[in-house]
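Report on the following structure.
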Amino acid sequence: MSGSDSAAPSPPADGFGDPADPGNRPARLTVGVVGTGRVGPALGAALQLAGHRVVAASGVSAASRRRAEQLLPGVRIVSPPQVLAAADLVLLTVPDDALTDLVAGLVATGSVRPGQLVVHTSGAHGVAVLEPATRAGALPLALHPAMTFTGTPVDLARLAGCPFGVTAPDELRPVAEALVVEMGGDPEWVPEGVRPLYHTALAHGANHLVTLVAQASELLRTAGVAEPGRLLGPLLGAALDNSLRSGDAALTGPVARGDAGTVRRHLAQLSTVSPDIPAAYRAMARATAQRALAHGTIDEASAAALLDVLNEENH
């Protein structure tokens with residue numbers, strides 16, 4: 001797909017064209033969802049709003065079935081092979097570690113059809129994990145919405161403008177982009193070889209942020225603050241905005257100022273409140289000190305004093 005071609009490319013034979021052209025919207029597809037956790041029903045509902053038709057879903061737990069009933073009312077809950085038998089486009093929305101065995105099992109049972117779009121939503125994998133299905137004639141796509149999901153209708157609104165990490169064979173890039181755009185998302189192309197690094201970055205930021213906020217909230221409640229969110233919301237919102245705009249230049253606080261005495265007092269307080277938070281504080285403070293030193297916010301002497309405090313055994 002060369003961007004230097006002067007002539008407009010012809011729409012692919014699969015019926016997908018340039019997603020920016022309203023005349024090139026994907027043909028309406030029957031859609032199946034394998035795995036009705038938090039992600040699958042929301043993406044299925046988004047495709048349904050775009051005019052596709054969700055015809056079958058699979059889910060095991062009572063919670064997953066409730067999610068399907070709420071977001072995909074009237075859709076049949078069947079086995080994974082039955083989902084594939086009914087659908088032109090199949091969403092595999094299962095945990096990362098379950099994906100390899102699921103694909104192998106579906107291929108072994110003859111469930112995958114030539115020409116069938118098989119899409120997974122794992123951030124950790126590209127399309128290589130779908131290789132058995134590709135050999136069976138499927139069209140493989142990796143479409144990872146870079147968002148946390150609740151498993152409720154609020155997720156549909158959050159998909160508007162949501163970045164999707166997209167990996168696809170070159171010939172299927174128009175298909176992948178069209179589907180993401182139809183779900184309200186914004187495709188970000190991620191090469192196959194760096195897919196694990198891409199996912200590591202997102203998990204490190206989003207998942208550990210939840211832990212960090214939970215720990216800060218616990219400390220504030222211990223300090224007598226009944227609604228920690230009232231303090232943390234504006235502060236963390238501003239910190240996030242500043243860091244996205246300015247990177248390491250946004251560092252503030254005692255570590256960024258080289259206030260080793262304040263950090264020592266923090267650790268003394270933490271030792272009386274929580275058995276696990278001190279280790280997290282030390283790890284993040286060490287990383288912050290190293291970044292502040294590299295950025296020139298503190299000098300080597302201040303960094304050394306901070307690291308001495310952080311490496312002290314008992315607080």
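The chains in the structure tokens are called A, B, ... from first to last as shown; in each chain the residues are counted from 1, and the ligands are counted from 1 in the order shown.
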Stretch 89-199 of chain A residues near stretch 48-65 of chain A within 9 Å, closest pair each, using only C-alpha atoms, as JSON lines:
{"residue": "A:Gly151", "atom": "CA", "partner": "A:Ser64", "partner_atom": "CA", "distance": 8.8}
{"residue": "A:Glu182", "atom": "CA", "partner": "A:Ala50", "partner_atom": "CA", "distance": 5.9}
{"residue": "A:Met183", "atom": "CA", "partner": "A:Ala50", "partner_atom": "CA", "distance": 6.9}
{"residue": "A:Gly184", "atom": "CA", "partner": "A:Ala50", "partner_atom": "CA", "distance": 9.0}
Given the selection you just returned, output its residues as a file containing N, CA and C atoms, formatted as a PDB file, in the first residue's frame.
ATOM      1  N   GLY A 151     -17.859  -2.994  31.434  1.00  0.00           N
ATOM      2  CA  GLY A 151     -18.861  -4.013  31.142  1.00  0.00           C
ATOM      3  C   GLY A 151     -20.274  -3.485  31.198  1.00  0.00           C
ATOM      4  N   GLU A 182     -15.658   2.588  12.473  1.00  0.00           N
ATOM      5  CA  GLU A 182     -17.082   2.340  12.674  1.00  0.00           C
ATOM      6  C   GLU A 182     -17.433   2.170  14.152  1.00  0.00           C
ATOM      7  N   MET A 183     -16.499   1.654  14.939  1.00  0.00           N
ATOM      8  CA  MET A 183     -16.751   1.527  16.372  1.00  0.00           C
ATOM      9  C   MET A 183     -16.526   2.839  17.110  1.00  0.00           C
ATOM     10  N   GLY A 184     -16.174   3.883  16.378  1.00  0.00           N
ATOM     11  CA  GLY A 184     -15.968   5.187  16.984  1.00  0.00           C
ATOM     12  C   GLY A 184     -14.531   5.445  17.359  1.00  0.00           C
TER      13      GLY A 184
END
Please list as a PyMOL selection string every residue within 12 Å of A:Gly126, counting only C-alpha atoms and excluding residues in the same chain fewer than 4 positions away. chain A and resi 96+99-100+119-122+130-131+140-144+165-169+189-199
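We find atom CA of A:Ala176 and atom CA of A:Gly161 to be spaced 15.6 Å apart.
Here atom CA of A:Leu307 stands at a distance of 14.5 Å from atom CA of A:Ala280.
The smallest atom-to-atom distance between A:Thr252 and any of A:Thr297, A:Thr148, A:Thr36, A:Ser274, using only C-alpha atoms, is found for A:Thr297.
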Closest-contact table, stretch 23-95 of chain A side, partner stretch 156-160 of chain A, 9 Å, counting only C-alpha atoms, as CSV:
residue,atom,partner,partner_atom,distance
A:Ala42,CA,A:Leu156,CA,6.2
A:Leu43,CA,A:Leu156,CA,7.9
A:Ala45,CA,A:Leu156,CA,7.6
A:Ala46,CA,A:Leu156,CA,6.5
Hey, what does DSSP flag as helix (DSSP H, G or I) within stretch 38-226 of chain A? Can you give it to me as a PyMOL selection string? chain A and resi 40-49+62-71+80-86+96-108+128-135+154-158+170-182+192-222
Identify which of the residues A:Gln82, A:Gln215, A:Ser243, A:Asn311 lies closest to A:Val263, counting only C-alpha atoms when measuring atom-to-atom distances. A:Asn311
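Nearest to A:Leu47 of all the residues A:Arg135, A:Leu179, A:Thr150, A:Leu212 is A:Leu179, based on only C-alpha atoms.
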